[in-house]
$ cat structure30.txt   # compact mmCIF, C-alpha atoms
# COMPACT_ATOMS: atom_id res chain seq x y z
CA MET A 20 49.35 -10.84 19.17
CA PRO A 21 45.92 -10.31 17.58
CA SER A 22 45.71 -10.99 13.89
CA LEU A 23 45.81 -7.89 11.69
CA GLU A 24 43.93 -9.60 8.92
CA LYS A 25 40.50 -8.22 8.14
CA PRO A 26 37.57 -10.55 8.82
CA PRO A 27 35.97 -12.06 5.73
CA VAL A 28 33.07 -10.04 4.30
CA VAL A 29 30.16 -11.93 2.81
CA THR A 30 28.85 -10.07 -0.22
CA THR A 31 25.92 -10.74 -2.50
CA THR A 32 24.53 -9.04 -5.55
CA VAL A 33 20.95 -8.33 -6.53
CA LYS A 34 19.99 -7.82 -10.13
CA TRP A 35 17.07 -5.66 -11.23
CA ARG A 36 14.26 -7.40 -13.01
CA PHE A 37 11.01 -6.19 -14.53
CA PRO A 38 8.20 -6.69 -11.99
CA ALA A 39 5.64 -9.38 -12.74
CA VAL A 40 1.97 -8.51 -13.31
CA HIS A 41 -0.17 -9.56 -10.35
CA PRO A 42 -2.78 -12.26 -11.18
CA GLU A 43 -5.54 -9.78 -10.25
CA GLY A 44 -4.49 -7.60 -13.16
CA ARG A 45 -3.76 -10.18 -15.85
CA LYS A 46 -7.33 -10.25 -17.17
CA TYR A 47 -7.36 -6.46 -17.53
CA THR A 48 -4.04 -6.56 -19.34
CA ALA A 49 -5.34 -9.33 -21.61
CA ILE A 50 -8.50 -7.33 -22.43
CA ALA A 51 -6.47 -4.22 -23.24
CA LEU A 52 -4.09 -6.29 -25.39
CA GLY A 53 -7.02 -7.88 -27.22
CA ILE A 54 -8.48 -4.47 -28.06
CA THR A 55 -5.05 -3.31 -29.20
CA LEU A 56 -4.68 -6.26 -31.56
CA LEU A 57 -8.19 -5.68 -32.91
CA LEU A 58 -7.30 -2.08 -33.68
CA THR A 59 -4.51 -3.27 -36.00
CA ILE A 60 -7.36 -4.24 -38.35
CA ILE A 61 -9.92 -1.54 -37.59
CA SER A 62 -7.89 1.64 -37.02
CA LYS A 63 -4.15 2.11 -37.26
CA VAL A 64 -4.63 5.63 -35.84
CA LEU A 65 -6.03 4.31 -32.55
CA PHE A 66 -3.58 1.41 -32.36
CA TRP A 67 -0.67 3.36 -30.88
CA PRO A 68 -2.65 5.14 -28.13
CA MET A 69 -4.25 1.82 -27.16
CA LEU A 70 -0.83 0.17 -27.08
CA GLY A 71 0.19 2.83 -24.57
CA VAL A 72 -2.93 2.13 -22.50
CA THR A 73 -2.11 -1.60 -22.51
CA ALA A 74 1.41 -0.90 -21.28
CA TRP A 75 0.02 1.35 -18.54
CA VAL A 76 -2.49 -1.29 -17.37
CA ALA A 77 0.29 -3.89 -17.13
CA THR A 78 2.45 -1.40 -15.25
CA PHE A 79 -0.38 -0.44 -12.89
CA PHE A 80 -0.76 -4.04 -11.72
CA ARG A 81 2.99 -4.62 -11.37
CA ASP A 82 3.99 -6.60 -8.31
CA PRO A 83 7.65 -5.95 -7.45
CA ILE A 84 9.58 -7.94 -4.89
CA ARG A 85 10.26 -5.92 -1.73
CA THR A 86 12.83 -6.42 1.04
CA THR A 87 11.22 -5.76 4.43
CA PRO A 88 13.41 -4.52 7.33
CA GLN A 89 13.44 -6.89 10.29
CA GLY A 90 13.54 -5.74 13.91
CA GLU A 91 11.50 -5.23 17.05
CA GLY A 92 9.10 -2.31 17.12
CA LEU A 93 9.24 -1.49 13.42
CA ILE A 94 6.12 -0.54 11.45
CA VAL A 95 6.54 -0.55 7.67
CA ALA A 96 4.54 1.30 5.04
CA PRO A 97 1.52 -0.57 3.69
CA ALA A 98 1.51 1.37 0.41
CA ASP A 99 3.66 3.11 -2.18
CA GLY A 100 2.90 6.80 -2.49
CA LEU A 101 3.11 10.28 -1.04
CA VAL A 102 2.75 10.94 2.70
CA THR A 103 0.06 13.63 2.64
CA MET A 104 -1.18 13.75 6.24
CA ILE A 105 0.22 13.03 9.71
CA GLN A 106 -2.24 14.04 12.40
CA ARG A 107 -4.01 12.85 15.52
CA VAL A 108 -7.60 11.90 14.74
CA PRO A 109 -10.47 9.90 16.26
CA VAL A 110 -10.30 6.18 15.53
CA PRO A 111 -12.81 5.04 12.87
CA ARG A 112 -15.90 3.69 14.60
CA GLU A 113 -15.44 0.31 12.89
CA LEU A 114 -12.07 -0.11 14.64
CA VAL A 115 -12.98 1.12 18.11
CA GLY A 116 -13.68 -2.43 19.32
CA GLU A 117 -10.10 -3.48 18.52
CA LEU A 118 -8.11 -0.24 18.93
CA GLY A 119 -10.10 1.61 21.60
CA ASP A 120 -11.73 5.02 21.36
CA ALA A 121 -8.75 7.26 22.18
CA PRO A 122 -7.48 9.40 19.27
CA MET A 123 -4.45 8.02 17.42
CA VAL A 124 -1.84 9.40 15.03
CA ARG A 125 -2.90 8.71 11.43
CA VAL A 126 -0.35 8.55 8.64
CA SER A 127 -2.02 8.89 5.22
CA ILE A 128 -0.33 7.66 2.03
CA PHE A 129 -1.80 8.81 -1.29
CA MET A 130 -1.31 6.50 -4.28
CA SER A 131 -1.47 8.01 -7.75
CA VAL A 132 -2.40 5.92 -10.80
CA PHE A 133 1.34 5.54 -11.47
CA ASP A 134 2.19 3.96 -8.08
CA VAL A 135 2.30 0.26 -7.26
CA HIS A 136 -1.12 -0.60 -5.82
CA ILE A 137 -0.33 -3.84 -4.00
CA ASN A 138 -0.79 -3.14 -0.28
CA ARG A 139 1.16 -4.87 2.49
CA THR A 140 0.77 -5.43 6.21
CA PRO A 141 2.76 -3.02 8.46
CA ILE A 142 3.68 -5.69 11.04
CA ALA A 143 3.82 -9.45 11.46
CA GLY A 144 1.01 -11.06 13.41
CA THR A 145 -2.58 -12.21 13.14
CA ILE A 146 -5.35 -10.50 11.18
CA ARG A 147 -7.99 -9.72 13.81
CA GLN A 148 -10.44 -7.72 11.74
CA VAL A 149 -11.33 -7.03 8.11
CA VAL A 150 -14.29 -4.70 7.57
CA TYR A 151 -15.47 -3.59 4.12
CA ILE A 152 -17.69 -0.49 3.84
CA SER A 153 -19.31 0.68 0.64
CA GLY A 154 -19.31 4.41 0.08
CA LYS A 155 -18.69 7.35 -2.21
CA PHE A 156 -15.75 8.14 -4.48
CA PHE A 157 -14.41 11.55 -3.49
CA ASN A 158 -10.81 12.48 -4.22
CA ALA A 159 -8.81 10.20 -1.87
CA ASP A 160 -6.55 13.14 -1.01
CA LEU A 161 -9.42 14.85 0.83
CA ASP A 162 -9.75 14.33 4.59
CA LYS A 163 -13.46 13.45 4.33
CA ALA A 164 -12.58 10.44 2.17
CA SER A 165 -11.68 8.61 5.41
CA ASP A 166 -15.31 8.70 6.52
CA GLU A 167 -17.33 8.80 3.29
CA ASN A 168 -15.48 6.83 0.58
CA GLU A 169 -15.58 3.12 -0.10
CA ARG A 170 -13.01 1.63 2.28
CA GLN A 171 -11.72 -1.51 3.94
CA HIS A 172 -10.31 -1.64 7.48
CA PHE A 173 -7.71 -4.10 8.78
CA VAL A 174 -6.40 -4.74 12.28
CA VAL A 175 -3.24 -6.80 12.80
CA GLU A 176 -2.18 -7.98 16.25
CA GLY A 177 1.55 -8.53 16.67
CA ARG A 178 3.22 -11.18 18.77
CA ASP A 179 3.72 -8.58 21.53
CA GLY A 180 -0.02 -7.89 21.65
CA ARG A 181 0.26 -4.49 20.00
CA LYS A 182 -2.47 -3.82 17.41
CA ILE A 183 -2.03 -1.77 14.27
CA GLY A 184 -5.01 -0.63 12.23
CA PHE A 185 -4.88 0.49 8.63
CA THR A 186 -7.47 1.35 6.00
CA GLN A 187 -7.65 1.05 2.21
CA ILE A 188 -9.65 3.96 0.78
CA ALA A 189 -10.99 4.15 -2.77
CA GLY A 190 -10.68 7.41 -4.72
CA LEU A 191 -12.05 9.19 -7.76
CA VAL A 192 -10.93 6.51 -10.21
CA ALA A 193 -10.76 3.46 -7.94
CA ARG A 194 -13.83 1.22 -8.04
CA ARG A 195 -12.74 -2.01 -6.42
CA ILE A 196 -10.94 -2.85 -3.19
CA VAL A 197 -9.60 -6.39 -3.03
CA ALA A 198 -8.47 -8.25 0.11
CA PHE A 199 -6.06 -11.20 0.01
CA THR A 200 -6.44 -12.09 3.70
CA LYS A 201 -9.21 -12.77 6.21
CA PRO A 202 -9.56 -12.68 10.02
CA GLY A 203 -7.45 -15.36 11.67
CA ASP A 204 -4.75 -15.42 8.99
CA MET A 205 -1.13 -15.23 10.11
CA VAL A 206 0.93 -12.68 8.17
CA ALA A 207 4.57 -11.67 7.97
CA ALA A 208 5.63 -8.01 8.03
CA GLY A 209 5.41 -6.66 4.49
CA GLN A 210 3.22 -9.51 3.24
CA ARG A 211 0.72 -8.68 0.48
CA ILE A 212 -2.77 -8.20 1.95
CA GLY A 213 -4.73 -6.58 -0.88
CA LEU A 214 -4.91 -3.94 -3.59
CA ILE A 215 -7.05 -1.02 -4.74
CA ARG A 216 -7.67 -0.62 -8.45
CA PHE A 217 -6.69 2.68 -10.06
CA GLY A 218 -5.72 5.37 -7.56
CA SER A 219 -6.48 5.59 -3.83
CA ARG A 220 -5.15 6.06 -0.30
CA VAL A 221 -4.08 4.01 2.71
CA ASP A 222 -4.29 5.27 6.33
CA VAL A 223 -2.22 3.75 9.15
CA PHE A 224 -3.12 4.30 12.82
CA LEU A 225 -0.13 4.38 15.16
CA PRO A 226 -0.44 3.60 18.90
CA ASP A 227 0.77 6.26 21.33
CA ASP A 228 4.06 4.44 21.96
CA CYS A 229 4.91 4.49 18.22
CA ALA A 230 6.51 7.61 16.76
CA PRO A 231 6.12 8.49 13.05
CA GLN A 232 9.34 7.94 11.10
CA VAL A 233 8.24 9.72 7.92
CA ALA A 234 7.68 13.38 7.10
CA LEU A 235 4.99 15.16 5.11
CA GLY A 236 5.81 15.08 1.42
CA GLN A 237 8.03 12.02 1.72
CA ARG A 238 7.46 9.07 -0.62
CA SER A 239 6.99 5.67 0.95
CA VAL A 240 7.67 2.21 -0.47
CA ALA A 241 5.27 -0.54 0.63
CA GLY A 242 6.95 -3.21 2.71
CA GLU A 243 10.24 -1.30 2.93
CA THR A 244 9.86 2.24 4.30
CA ILE A 245 9.74 2.37 8.11
CA ILE A 246 6.85 4.70 8.93
CA GLY A 247 6.70 4.08 12.70
CA ARG A 248 8.95 2.89 15.51
CA VAL A 249 8.03 1.82 19.03
CA GLY A 250 9.74 4.14 21.50
CA GLY A 251 11.22 6.24 18.70
CA VAL A 252 11.37 9.98 18.20
CA PRO A 253 9.26 11.64 15.46
CA VAL A 254 11.37 12.68 12.48
CA GLN A 255 11.40 16.05 10.80
CA GLY A 256 11.71 16.61 7.06
CA ILE A 257 12.90 19.41 4.77
CA ALA A 258 11.51 19.85 1.26
CA GLN A 259 14.33 20.58 -1.18

$ encode --input "structure30.txt" --output "structure tokens"
Amino acid sequence: MPSLEKPPVVTTTVKWRFPAVHPEGRKYTAIALGITLLLTIISKVLFWPMLGVTAWVATFFRDPIRTTPQGEGLIVAPADGLVTMIQRVPVPRELVGELGDAPMVRVSIFMSVFDVHINRTPIAGTIRQVVYISGKFFNADLDKASDENERQHFVVEGRDGRKIGFTQIAGLVARRIVAFTKPGDMVAAGQRIGLIRFGSRVDVFLPDDCAPQVALGQRSVAGETIIGRVGGVPVQGIAQ
């Protein structure tokens, strides 16, 4: 007679902790803190606003730990933010050599100055291309920002040969795009690949066999939210 006892369940707990400040932002936090301390002598009136600015700078460069879903055919979000566009568009000319010239579905994620700005790779694989392009600083929420703003393109080739392209785009406030990886580097899904300082956007280009798994107006979490799935069905969303 089969045992009626329930199988043992392995449980673990995870405790919240305040995110660390990324090394790229420590010098900015230190500068803001130095000015704040100086204002304790010069102007008590300006001290409190500057203390708030210092806290914001430290928060802007926060680098939380993320848990990336594992599985075949999953594409995770490269950025925290608001999904503002999902549309089929021509591939950027800088990526045509790797992705081909056929139009692809682009998922655009807008990052406000309050979002985490560490960007992560959508899939595991090898970095095939990193292309930096200087440009203008229009509002990153505008469609023309994809072609005219300062930007940096990446292409990652997965173990199955599928290539995913994504682009960091500077915005009105952003003035520096930083890459942590270079062509030839091996990366894990959700690994940190760069950041954009102070507000921006990230575009992801999905191959035809990958269906979007996010809806317009949805918020994504870098390294955790599944934004595409190979062989999946596009999802629909309801604002409420």

$ residues_around --input "structure30.txt" --residues "Asp228 (chain A)" --least-positions-apart "4" --cutoff "12 Å" --atoms "all atoms listed in the file" --output "number ranges by chain"
A: 92-94, 123-124, 181-183, 224, 247-253

$ closest_residue --input "structure30.txt" --among "A:Thr73, A:Val33, A:Asp120, A:Pro38" --to "Ala51 (chain A)" --atoms "all atoms listed in the file"
A:Thr73

$ closest_residue --input "structure30.txt" --among "A:Thr55, A:Thr48, A:Thr87, A:Gln187" --to "Trp75 (chain A)" --atoms "all atoms listed in the file"
A:Thr48

$ atom_distance --input "structure30.txt" --atom1 "CA of Leu214 (chain A)" --atom2 "CA of Val126 (chain A)"
18.1 Å

$ residues_around --input "structure30.txt" --residues "Gln210 (chain A)" --least-positions-apart "4" --cutoff "8 Å" --atoms "all atoms listed in the file" --output "VMD selection string"
chain A and resid 139 to 140 206 242

$ write_last_selection --input "structure30.txt" --atoms "C-alpha atoms" --output "compact mmCIF listing (two decimals), keeping the file's coordinate frame"
# COMPACT_ATOMS: atom_id res chain seq x y z
CA ARG A 139 1.16 -4.87 2.49
CA THR A 140 0.77 -5.43 6.21
CA VAL A 206 0.93 -12.68 8.17
CA GLY A 242 6.95 -3.21 2.71

$ residues_around --input "structure30.txt" --residues "region 112-117 of chain A" --least-positions-apart "4" --cutoff "9 Å" --atoms "only C-alpha atoms" --output "PyMOL selection string"
chain A and resi 121+147-148+150+172-174+182+184

$ closest_residue --input "structure30.txt" --among "A:Asp179, A:Asp222, A:Asp204, A:Glu91" --to "Met130 (chain A)" --atoms "all atoms listed in the file"
A:Asp222

$ closest_residue --input "structure30.txt" --among "A:Glu176, A:Arg81, A:His136, A:Met69" --to "Asp99 (chain A)" --atoms "all atoms listed in the file"
A:His136

$ closest_residue --input "structure30.txt" --among "A:Ile215, A:Leu118, A:Ala74, A:Ile257" --to "Ser131 (chain A)" --atoms "all atoms listed in the file"
A:Ile215

$ residues_around --input "structure30.txt" --residues "Met205 (chain A)" --least-positions-apart "2" --cutoff "12 Å" --atoms "all atoms listed in the file" --output "list in words"
Thr140, Ile142, Ala143, Gly144, Thr145, Ile146, Arg147, Val174, Val175, Glu176, Gly177, Arg178, Phe199, Thr200, Lys201, Pro202, Gly203, Ala207, Ala208, Gln210, Arg211 and Ile212 of chain A

$ residues_near_point --input "structure30.txt" --point "(-6.8, -0.1, -28.8)" --cutoff "12 Å" --atoms "only C-alpha atoms" --output "list in words"
Thr48, Ala49, Ile50, Ala51, Leu52, Gly53, Ile54, Thr55, Leu56, Leu57, Leu58, Thr59, Ile60, Ile61, Ser62, Lys63, Val64, Leu65, Phe66, Trp67, Pro68, Met69, Leu70, Gly71, Val72, Thr73 and Ala74 of chain A

$ atom_distance --input "structure30.txt" --atom1 "CA of Gly236 (chain A)" --atom2 "CA of Gly100 (chain A)"
9.6 Å

$ closest_residue --input "structure30.txt" --among "A:Val40, A:Ala189, A:Ile196, A:Val102" --to "Gly256 (chain A)" --atoms "only C-alpha atoms"
A:Val102

$ atom_distance --input "structure30.txt" --atom1 "CA of Gly44 (chain A)" --atom2 "CA of Arg238 (chain A)"
24.0 Å

$ decode --input "structure30.txt" --residues "region 77-90 of chain A" --atoms "C-alpha atoms" --output "PDB file, in the first residue's frame"
ATOM      1  CA  ALA A  77      23.150  56.793  -3.438  1.00  0.00           C
ATOM      2  CA  THR A  78      19.722  55.376  -4.261  1.00  0.00           C
ATOM      3  CA  PHE A  79      20.131  56.035  -7.979  1.00  0.00           C
ATOM      4  CA  PHE A  80      23.268  53.887  -8.115  1.00  0.00           C
ATOM      5  CA  ARG A  81      21.790  51.091  -6.006  1.00  0.00           C
ATOM      6  CA  ASP A  82      22.639  47.605  -7.205  1.00  0.00           C
ATOM      7  CA  PRO A  83      20.110  45.089  -5.856  1.00  0.00           C
ATOM      8  CA  ILE A  84      20.543  41.343  -6.118  1.00  0.00           C
ATOM      9  CA  ARG A  85      18.154  39.803  -8.653  1.00  0.00           C
ATOM     10  CA  THR A  86      16.968  36.206  -9.100  1.00  0.00           C
ATOM     11  CA  THR A  87      16.896  35.319 -12.799  1.00  0.00           C
ATOM     12  CA  PRO A  88      14.411  32.666 -14.036  1.00  0.00           C
ATOM     13  CA  GLN A  89      16.115  29.670 -15.628  1.00  0.00           C
ATOM     14  CA  GLY A  90      14.720  27.793 -18.620  1.00  0.00           C
TER      15      GLY A  90
END
